[in-house]
>>> print(open('my_file_30.cif').read())   # mmCIF, C-alpha atoms and all ligand atoms
data_protein
#
loop_
_atom_site.group_PDB
_atom_site.id
_atom_site.type_symbol
_atom_site.label_atom_id
_atom_site.label_comp_id
_atom_site.auth_asym_id
_atom_site.auth_seq_id
_atom_site.Cartn_x
_atom_site.Cartn_y
_atom_site.Cartn_z
ATOM 1 C CA MET C 1 -155.723 -8.175 72.587
ATOM 2 C CA LYS C 2 -156.664 -11.693 73.698
ATOM 3 C CA ILE C 3 -160.378 -12.459 73.782
ATOM 4 C CA LEU C 4 -160.747 -15.086 76.509
ATOM 5 C CA THR C 5 -164.518 -15.111 76.926
ATOM 6 C CA ARG C 6 -166.610 -17.723 75.136
ATOM 7 C CA SER C 7 -169.755 -15.589 75.282
ATOM 8 C CA ARG C 8 -170.951 -15.339 71.688
ATOM 9 C CA ARG C 9 -172.919 -12.150 72.368
ATOM 10 C CA ILE C 10 -169.857 -10.402 73.747
ATOM 11 C CA LYS C 11 -167.562 -11.616 70.977
ATOM 12 C CA SER C 12 -170.015 -10.470 68.340
ATOM 13 C CA ALA C 13 -170.482 -7.054 69.981
ATOM 14 C CA LEU C 14 -166.687 -6.627 70.220
ATOM 15 C CA GLN C 15 -166.353 -7.459 66.547
ATOM 16 C CA THR C 16 -169.111 -5.039 65.532
ATOM 17 C CA VAL C 17 -167.623 -2.176 67.559
ATOM 18 C CA THR C 18 -163.979 -2.673 66.529
ATOM 19 C CA LYS C 19 -165.019 -2.835 62.867
ATOM 20 C CA ARG C 20 -166.757 0.542 63.179
ATOM 21 C CA LEU C 21 -163.874 2.265 65.031
ATOM 22 C CA PRO C 22 -161.781 4.843 63.171
ATOM 23 C CA GLY C 23 -158.492 3.172 62.087
ATOM 24 C CA GLU C 24 -156.277 5.053 64.541
ATOM 25 C CA ALA C 25 -158.596 4.324 67.473
ATOM 26 C CA ARG C 26 -158.792 0.649 66.599
ATOM 27 C CA LYS C 27 -155.004 0.342 66.468
ATOM 28 C CA THR C 28 -154.593 2.137 69.818
ATOM 29 C CA VAL C 29 -157.294 0.069 71.551
ATOM 30 C CA GLU C 30 -156.087 -3.287 70.209
ATOM 31 C CA GLY C 31 -152.505 -2.435 71.145
ATOM 32 C CA PHE C 32 -153.290 -1.269 74.681
ATOM 33 C CA LEU C 33 -155.932 -3.795 75.742
ATOM 34 C CA ASP C 34 -154.222 -6.942 77.040
ATOM 35 C CA ARG C 35 -157.242 -9.232 77.399
ATOM 36 C CA VAL C 36 -161.030 -9.466 77.513
ATOM 37 C CA ILE C 37 -162.612 -11.814 80.053
ATOM 38 C CA ALA C 38 -166.101 -12.370 81.456
ATOM 39 C CA SER C 39 -167.227 -13.282 84.955
ATOM 40 C CA ARG C 40 -170.245 -15.575 85.421
ATOM 41 C CA GLU C 41 -170.739 -14.742 89.078
ATOM 42 C CA TRP C 42 -172.293 -11.798 90.835
ATOM 43 C CA ARG C 43 -169.472 -9.788 92.321
ATOM 44 C CA SER C 44 -169.486 -8.525 95.871
ATOM 45 C CA LEU C 45 -168.862 -4.846 96.507
ATOM 46 C CA GLY C 46 -167.951 -5.326 100.186
ATOM 47 C CA LEU C 47 -170.304 -4.778 103.145
ATOM 48 C CA GLY C 48 -173.435 -6.457 101.823
ATOM 49 C CA GLY C 49 -173.444 -4.827 98.398
ATOM 50 C CA PHE C 50 -173.112 -6.210 94.896
ATOM 51 C CA ASP C 51 -171.554 -4.752 91.786
ATOM 52 C CA PRO C 52 -174.283 -3.620 89.356
ATOM 53 C CA SER C 53 -171.869 -2.731 86.531
ATOM 54 C CA SER C 54 -172.049 -4.559 83.202
ATOM 55 C CA ALA C 55 -168.335 -4.225 82.429
ATOM 56 C CA VAL C 56 -165.235 -2.594 83.801
ATOM 57 C CA THR C 57 -161.874 -1.526 82.378
ATOM 58 C CA ALA C 58 -159.425 -2.662 85.046
ATOM 59 C CA PRO C 59 -155.694 -3.055 85.713
ATOM 60 C CA LEU C 60 -154.172 -6.516 85.211
ATOM 61 C CA PHE C 61 -151.253 -7.288 87.516
ATOM 62 C CA ARG C 62 -148.842 -9.966 86.350
ATOM 63 C CA SER C 63 -147.469 -10.887 89.789
ATOM 64 C CA LEU C 64 -148.276 -10.385 93.476
ATOM 65 C CA ASP C 65 -145.193 -8.151 93.765
ATOM 66 C CA ASP C 66 -146.793 -5.756 91.304
ATOM 67 C CA LEU C 67 -150.023 -5.330 93.332
ATOM 68 C CA GLY C 68 -150.461 -1.717 94.389
ATOM 69 C CA SER C 69 -147.809 -0.527 91.937
ATOM 70 C CA GLU C 70 -148.268 1.069 88.534
ATOM 71 C CA ARG C 71 -146.906 -2.042 86.813
ATOM 72 C CA TYR C 72 -150.053 -3.356 85.200
ATOM 73 C CA THR C 73 -151.622 -3.786 81.817
ATOM 74 C CA CYS C 74 -155.243 -3.214 80.808
ATOM 75 C CA GLN C 75 -158.081 -5.734 80.838
ATOM 76 C CA LEU C 76 -161.775 -5.534 80.128
ATOM 77 C CA ILE C 77 -164.016 -7.610 82.394
ATOM 78 C CA PHE C 78 -167.639 -8.232 81.431
ATOM 79 C CA HIS C 79 -170.080 -9.130 84.176
ATOM 80 C CA LEU C 80 -172.359 -11.712 82.547
ATOM 81 C CA PRO C 81 -175.303 -11.678 84.999
ATOM 82 C CA VAL C 82 -175.703 -7.936 84.266
ATOM 83 C CA VAL C 83 -174.851 -8.115 80.546
ATOM 84 C CA LYS C 84 -177.689 -10.630 80.176
ATOM 85 C CA LEU C 85 -180.213 -7.951 81.160
ATOM 86 C CA PHE C 86 -179.304 -5.653 78.239
ATOM 87 C CA SER C 87 -180.405 -5.859 74.573
ATOM 88 C CA ASN C 88 -177.841 -6.418 71.789
ATOM 89 C CA THR C 89 -178.031 -2.732 70.828
ATOM 90 C CA ALA C 90 -177.286 -1.633 74.396
ATOM 91 C CA LEU C 91 -174.442 -4.176 74.541
ATOM 92 C CA ILE C 92 -172.841 -2.431 71.535
ATOM 93 C CA GLY C 93 -173.081 0.764 73.601
ATOM 94 C CA ILE C 94 -171.459 -0.969 76.597
ATOM 95 C CA VAL C 95 -168.554 -2.219 74.458
ATOM 96 C CA ALA C 96 -168.075 1.182 72.762
ATOM 97 C CA HIS C 97 -168.074 2.908 76.181
ATOM 98 C CA GLU C 98 -165.470 0.478 77.586
ATOM 99 C CA LEU C 99 -163.235 0.688 74.509
ATOM 100 C CA ALA C 100 -163.411 4.476 74.866
ATOM 101 C CA HIS C 101 -162.104 4.055 78.447
ATOM 102 C CA VAL C 102 -159.283 1.897 77.026
ATOM 103 C CA HIS C 103 -158.426 4.531 74.410
ATOM 104 C CA ILE C 104 -158.361 7.282 77.053
ATOM 105 C CA ALA C 105 -156.244 5.045 79.345
ATOM 106 C CA ALA C 106 -153.735 4.536 76.513
ATOM 107 C CA GLY C 107 -153.465 8.322 76.195
ATOM 108 C CA LEU C 108 -152.882 8.741 79.942
ATOM 109 C CA GLY C 109 -150.125 6.089 80.089
ATOM 110 C CA ASP C 110 -148.667 4.786 83.400
ATOM 111 C CA GLY C 111 -150.953 5.294 86.367
ATOM 112 C CA TRP C 112 -154.098 5.533 84.203
ATOM 113 C CA HIS C 113 -156.141 3.484 86.641
ATOM 114 C CA GLU C 114 -155.383 5.725 89.642
ATOM 115 C CA GLU C 115 -156.133 8.813 87.545
ATOM 116 C CA MET C 116 -159.455 7.373 86.375
ATOM 117 C CA LYS C 117 -160.521 6.283 89.875
ATOM 118 C CA GLN C 118 -159.786 9.734 91.201
ATOM 119 C CA HIS C 119 -161.934 11.480 88.603
ATOM 120 C CA GLU C 120 -164.475 8.761 87.961
ATOM 121 C CA PRO C 121 -167.604 10.792 87.099
ATOM 122 C CA ALA C 122 -165.618 12.955 84.669
ATOM 123 C CA HIS C 123 -164.113 9.861 83.040
ATOM 124 C CA GLU C 124 -167.542 8.257 82.668
ATOM 125 C CA ARG C 125 -168.766 11.315 80.755
ATOM 126 C CA ARG C 126 -165.549 11.444 78.714
ATOM 127 C CA ALA C 127 -165.937 7.788 77.659
ATOM 128 C CA ASP C 128 -169.540 8.408 76.555
ATOM 129 C CA ARG C 129 -168.499 11.505 74.584
ATOM 130 C CA LEU C 130 -165.670 9.677 72.808
ATOM 131 C CA ALA C 131 -167.934 6.705 71.983
ATOM 132 C CA ALA C 132 -170.488 9.172 70.560
ATOM 133 C CA ARG C 133 -167.752 10.803 68.435
ATOM 134 C CA TRP C 134 -166.906 7.329 67.099
ATOM 135 C CA GLY C 135 -170.531 7.051 65.932
ATOM 136 C CA PHE C 136 -172.170 5.158 68.809
ATOM 137 C CA ALA C 137 -174.422 7.923 70.177
ATOM 138 C CA ALA C 138 -177.631 5.938 69.558
ATOM 139 C CA GLU C 139 -176.294 2.797 71.262
ATOM 140 C CA ILE C 140 -175.012 4.814 74.240
ATOM 141 C CA ALA C 141 -178.428 6.479 74.610
ATOM 142 C CA ARG C 142 -180.090 3.059 74.459
ATOM 143 C CA LEU C 143 -177.715 1.734 77.109
ATOM 144 C CA HIS C 144 -178.635 4.547 79.522
ATOM 145 C CA GLU C 145 -182.329 4.164 78.801
ATOM 146 C CA GLU C 146 -182.319 0.410 79.467
ATOM 147 C CA ARG C 147 -180.197 0.880 82.587
ATOM 148 C CA ARG C 148 -182.760 3.310 83.994
ATOM 149 C CA LYS C 149 -186.005 1.734 82.815
ATOM 150 C CA THR C 150 -185.399 -2.008 82.979
ATOM 151 C CA VAL C 151 -182.021 -3.094 84.361
ATOM 152 C CA ASN C 152 -181.900 -1.126 87.629
ATOM 153 C CA PRO C 153 -185.508 -2.003 88.576
ATOM 154 C CA ILE C 154 -184.728 -5.713 87.977
ATOM 155 C CA LEU C 155 -181.546 -5.497 90.070
ATOM 156 C CA ASP C 156 -183.439 -3.740 92.869
ATOM 157 C CA ARG C 157 -186.083 -6.469 92.898
ATOM 158 C CA ARG C 158 -183.559 -9.290 92.844
ATOM 159 C CA GLU C 159 -181.148 -7.771 95.373
ATOM 160 C CA PRO C 160 -181.984 -10.149 98.287
ATOM 161 C CA VAL C 161 -181.540 -13.223 96.056
ATOM 162 C CA ILE C 162 -178.298 -11.889 94.556
ATOM 163 C CA LEU C 163 -176.824 -11.144 97.996
ATOM 164 C CA ARG C 164 -177.829 -14.585 99.250
ATOM 165 C CA ARG C 165 -176.133 -16.190 96.244
ATOM 166 C CA ILE C 166 -172.918 -14.245 96.894
ATOM 167 C CA SER C 167 -172.798 -15.269 100.564
ATOM 168 C CA GLU C 168 -173.536 -18.918 99.697
ATOM 169 C CA ARG C 169 -170.668 -18.862 97.208
ATOM 170 C CA PHE C 170 -168.293 -17.340 99.794
ATOM 171 C CA GLU C 171 -169.274 -20.038 102.302
ATOM 172 C CA ALA C 172 -168.711 -22.813 99.759
ATOM 173 C CA GLU C 173 -165.313 -21.328 98.837
ATOM 174 C CA GLU C 174 -164.322 -21.118 102.505
ATOM 175 C CA GLN C 175 -165.337 -24.725 103.110
ATOM 176 C CA GLU C 176 -163.385 -25.780 100.051
ATOM 177 C CA ALA C 177 -160.303 -23.903 101.302
ATOM 178 C CA ARG C 178 -160.646 -25.464 104.774
ATOM 179 C CA LYS C 179 -160.948 -28.929 103.242
ATOM 180 C CA ARG C 180 -157.864 -28.348 101.131
ATOM 181 C CA SER C 181 -155.708 -27.041 103.982
ATOM 182 C CA GLY C 182 -156.980 -29.893 106.221
ATOM 183 C CA ALA C 183 -155.967 -32.400 103.595
ATOM 184 C CA THR C 184 -152.527 -30.820 103.219
ATOM 185 C CA SER C 185 -151.745 -30.852 106.952
ATOM 186 C CA GLU C 186 -152.929 -34.472 107.160
ATOM 187 C CA ASP C 187 -150.627 -35.321 104.291
ATOM 188 C CA SER C 188 -147.663 -33.669 105.925
ATOM 189 C CA ASN C 189 -148.487 -35.399 109.249
ATOM 190 C CA ARG C 190 -148.461 -38.703 107.480
ATOM 191 C CA ARG C 191 -145.184 -37.870 105.805
ATOM 192 C CA SER C 192 -143.523 -36.834 109.064
ATOM 193 C CA SER C 193 -144.764 -39.806 111.066
HETATM 194 ZN ZN ZN W 201 -167.387 3.607 82.405
#
>>> encode(input="my_file_30.cif", output="structure tokens")
Amino acid sequence: MKILTRSRRIKSALQTVTKRLPGEARKTVEGFLDRVIASREWRSLGLGGFDPSSAVTAPLFRSLDDLGSERYTCQLIFHLPVVKLFSNTALIGIVAHELAHVHIAAGLGDGWHEEMKQHEPAHERRADRLAARWGFAAEIARLHEERRKTVNPILDRREPVILRRISERFEAEEQEARKRSGATSEDSNRRSS
């Protein structure tokens, strides 16, 4: 398990949760989880939407050839703009919930991501139940309470600004890509002439 985020809040929450995990669960989670990263940007959810999730347990493909196959490992991606809206207690709940997903994924083995996508609502409940069994019931309850009472209302209010930021970033990235490919073709022209 490589922790590649520099976010002190996330690192501290990860440490708190792993310390409190039952020994077997800790070993399984640390063995199955390949890496932990964090994204600083709002993520698009296609067609004018944005991703409101605070973290996601996702497949990690090692090469383009592996895309769409079941050859992937497991990574945990935190979404910093959303994480920032939660208290430290709720963040413990978020980490416990995600590590529960990881533990369940380890039990499912190959194809865990497809299986989880297909039965998403059931897997959400299962992750909460497992985290509660590990002793994080209070933090999970806090997470849901903050999501409902403070985080979602803030996201609703800020939606236009968030969507504008995403489209500005896409435009900047496109311009950057155009500049780069323009520079490359100029270079090759120069070389061939
Ligand atoms: Zn979940």
>>> closest_atom_pairs(input="my_file_30.cif", of="chain C", to="ligand ZN 201 (chain W)", cutoff="7 Å", atoms="only C-alpha atoms and all ligand atoms", output="JSON lines")
{"residue": "C:Val56", "atom": "CA", "partner": "W:ZN201", "partner_atom": "ZN", "distance": 6.7}
{"residue": "C:His97", "atom": "CA", "partner": "W:ZN201", "partner_atom": "ZN", "distance": 6.3}
{"residue": "C:Glu98", "atom": "CA", "partner": "W:ZN201", "partner_atom": "ZN", "distance": 6.1}
{"residue": "C:His101", "atom": "CA", "partner": "W:ZN201", "partner_atom": "ZN", "distance": 6.6}
{"residue": "C:Glu124", "atom": "CA", "partner": "W:ZN201", "partner_atom": "ZN", "distance": 4.7}
{"residue": "C:Ala127", "atom": "CA", "partner": "W:ZN201", "partner_atom": "ZN", "distance": 6.5}
>>> residues_around(input="my_file_30.cif", residues="Thr5 in chain C", least_positions_apart="6", cutoff="8 Å", atoms="all atoms listed in the file", output="list in words")
Lys11, Val36, Ile37 and Ala38 of chain C
>>> residues_near_point(input="my_file_30.cif", point="(-169.8, 7.9, 68.0)", cutoff="12 Å", atoms="all atoms listed in the file", output="MDAnalysis selection string")
chainID C and resid 17 20:22 25 92:93 96:97 99:100 127:141
>>> atom_distance(input="my_file_30.cif", atom1="CA of Leu91 in chain C", atom2="CA of Ile162 in chain C")
21.8 Å
>>> residues_around(input="my_file_30.cif", residues="Ile154 in chain C", least_positions_apart="4", cutoff="12 Å", atoms="only C-alpha atoms", output="list of chain:residue names")
C:Pro52, C:Pro81, C:Val82, C:Lys84, C:Leu85, C:Phe86, C:Glu146, C:Arg147, C:Arg148, C:Lys149, C:Thr150, C:Arg158, C:Glu159, C:Pro160, C:Val161, C:Ile162
>>> residues_around(input="my_file_30.cif", residues="Phe32 in chain C", least_positions_apart="3", cutoff="8 Å", atoms="only C-alpha atoms", output="list in words")
Met1, Thr28, Val29, Thr73, Cys74, Val102, His103 and Ala106 of chain C
>>> atom_distance(input="my_file_30.cif", atom1="CA of Leu67 in chain C", atom2="CA of Arg26 in chain C")
28.8 Å
>>> atom_distance(input="my_file_30.cif", atom1="CA of Arg142 in chain C", atom2="CA of Ala90 in chain C")
5.5 Å
>>> closest_residue(input="my_file_30.cif", among="C:Gln75, C:Ser39, C:Ser54, C:Ser167", to="Leu143 in chain C", atoms="all atoms listed in the file")
C:Ser54
>>> closest_residue(input="my_file_30.cif", among="C:Glu70, C:Asp156, C:Glu24, C:Glu114", to="Phe50 in chain C", atoms="all atoms listed in the file")
C:Asp156
>>> closest_residue(input="my_file_30.cif", among="C:Trp112, C:Phe78, C:Phe170, C:Trp42", to="Pro59 in chain C", atoms="only C-alpha atoms")
C:Trp112
>>> closest_residue(input="my_file_30.cif", among="C:Glu173, C:Asp34, C:Asp51, C:Glu120", to="Tyr72 in chain C", atoms="all atoms listed in the file")
C:Asp34
>>> closest_residue(input="my_file_30.cif", among="C:Arg180, C:Lys27, C:His113, C:Arg40", to="Gly68 in chain C", atoms="only C-alpha atoms")
C:His113
>>> build_atoms(input="my_file_30.cif", residues="range 36-52 of chain C", atoms="N, CA and C atoms", output="PDB file, keeping the file's coordinate frame")
ATOM      1  N   VAL C  36    -159.600  -9.645  77.224  1.00  0.00           N
ATOM      2  CA  VAL C  36    -161.030  -9.466  77.513  1.00  0.00           C
ATOM      3  C   VAL C  36    -161.517 -10.754  78.168  1.00  0.00           C
ATOM      4  N   ILE C  37    -162.076 -10.634  79.373  1.00  0.00           N
ATOM      5  CA  ILE C  37    -162.612 -11.814  80.053  1.00  0.00           C
ATOM      6  C   ILE C  37    -164.048 -11.520  80.489  1.00  0.00           C
ATOM      7  N   ALA C  38    -164.744 -12.565  80.956  1.00  0.00           N
ATOM      8  CA  ALA C  38    -166.101 -12.370  81.456  1.00  0.00           C
ATOM      9  C   ALA C  38    -166.268 -13.181  82.729  1.00  0.00           C
ATOM     10  N   SER C  39    -166.980 -12.606  83.690  1.00  0.00           N
ATOM     11  CA  SER C  39    -167.227 -13.282  84.955  1.00  0.00           C
ATOM     12  C   SER C  39    -168.690 -13.753  84.978  1.00  0.00           C
ATOM     13  N   ARG C  40    -168.891 -15.015  85.376  1.00  0.00           N
ATOM     14  CA  ARG C  40    -170.245 -15.575  85.421  1.00  0.00           C
ATOM     15  C   ARG C  40    -170.954 -15.300  86.724  1.00  0.00           C
ATOM     16  N   GLU C  41    -170.185 -14.878  87.730  1.00  0.00           N
ATOM     17  CA  GLU C  41    -170.739 -14.742  89.078  1.00  0.00           C
ATOM     18  C   GLU C  41    -171.087 -13.297  89.393  1.00  0.00           C
ATOM     19  N   TRP C  42    -172.047 -13.124  90.272  1.00  0.00           N
ATOM     20  CA  TRP C  42    -172.293 -11.798  90.835  1.00  0.00           C
ATOM     21  C   TRP C  42    -171.072 -11.440  91.652  1.00  0.00           C
ATOM     22  N   ARG C  43    -170.657 -10.188  91.565  1.00  0.00           N
ATOM     23  CA  ARG C  43    -169.472  -9.788  92.321  1.00  0.00           C
ATOM     24  C   ARG C  43    -169.874  -8.950  93.517  1.00  0.00           C
ATOM     25  N   SER C  44    -169.213  -9.256  94.640  1.00  0.00           N
ATOM     26  CA  SER C  44    -169.486  -8.525  95.871  1.00  0.00           C
ATOM     27  C   SER C  44    -168.837  -7.148  95.784  1.00  0.00           C
ATOM     28  N   LEU C  45    -169.450  -6.181  96.455  1.00  0.00           N
ATOM     29  CA  LEU C  45    -168.862  -4.846  96.507  1.00  0.00           C
ATOM     30  C   LEU C  45    -168.590  -4.503  97.970  1.00  0.00           C
ATOM     31  N   GLY C  46    -168.197  -5.523  98.758  1.00  0.00           N
ATOM     32  CA  GLY C  46    -167.951  -5.326 100.186  1.00  0.00           C
ATOM     33  C   GLY C  46    -169.241  -5.060 100.926  1.00  0.00           C
ATOM     34  N   LEU C  47    -169.197  -5.118 102.239  1.00  0.00           N
ATOM     35  CA  LEU C  47    -170.304  -4.778 103.145  1.00  0.00           C
ATOM     36  C   LEU C  47    -171.727  -4.942 102.588  1.00  0.00           C
ATOM     37  N   GLY C  48    -172.053  -6.158 102.197  1.00  0.00           N
ATOM     38  CA  GLY C  48    -173.435  -6.457 101.823  1.00  0.00           C
ATOM     39  C   GLY C  48    -173.934  -5.777 100.570  1.00  0.00           C
ATOM     40  N   GLY C  49    -173.007  -5.400  99.668  1.00  0.00           N
ATOM     41  CA  GLY C  49    -173.444  -4.827  98.398  1.00  0.00           C
ATOM     42  C   GLY C  49    -173.010  -5.724  97.252  1.00  0.00           C
ATOM     43  N   PHE C  50    -173.595  -5.486  96.070  1.00  0.00           N
ATOM     44  CA  PHE C  50    -173.112  -6.210  94.896  1.00  0.00           C
ATOM     45  C   PHE C  50    -172.838  -5.207  93.789  1.00  0.00           C
ATOM     46  N   ASP C  51    -171.982  -5.635  92.861  1.00  0.00           N
ATOM     47  CA  ASP C  51    -171.554  -4.752  91.786  1.00  0.00           C
ATOM     48  C   ASP C  51    -172.576  -4.771  90.651  1.00  0.00           C
ATOM     49  N   PRO C  52    -173.254  -3.641  90.396  1.00  0.00           N
ATOM     50  CA  PRO C  52    -174.283  -3.620  89.356  1.00  0.00           C
ATOM     51  C   PRO C  52    -173.727  -3.316  87.960  1.00  0.00           C
TER      52      PRO C  52
END
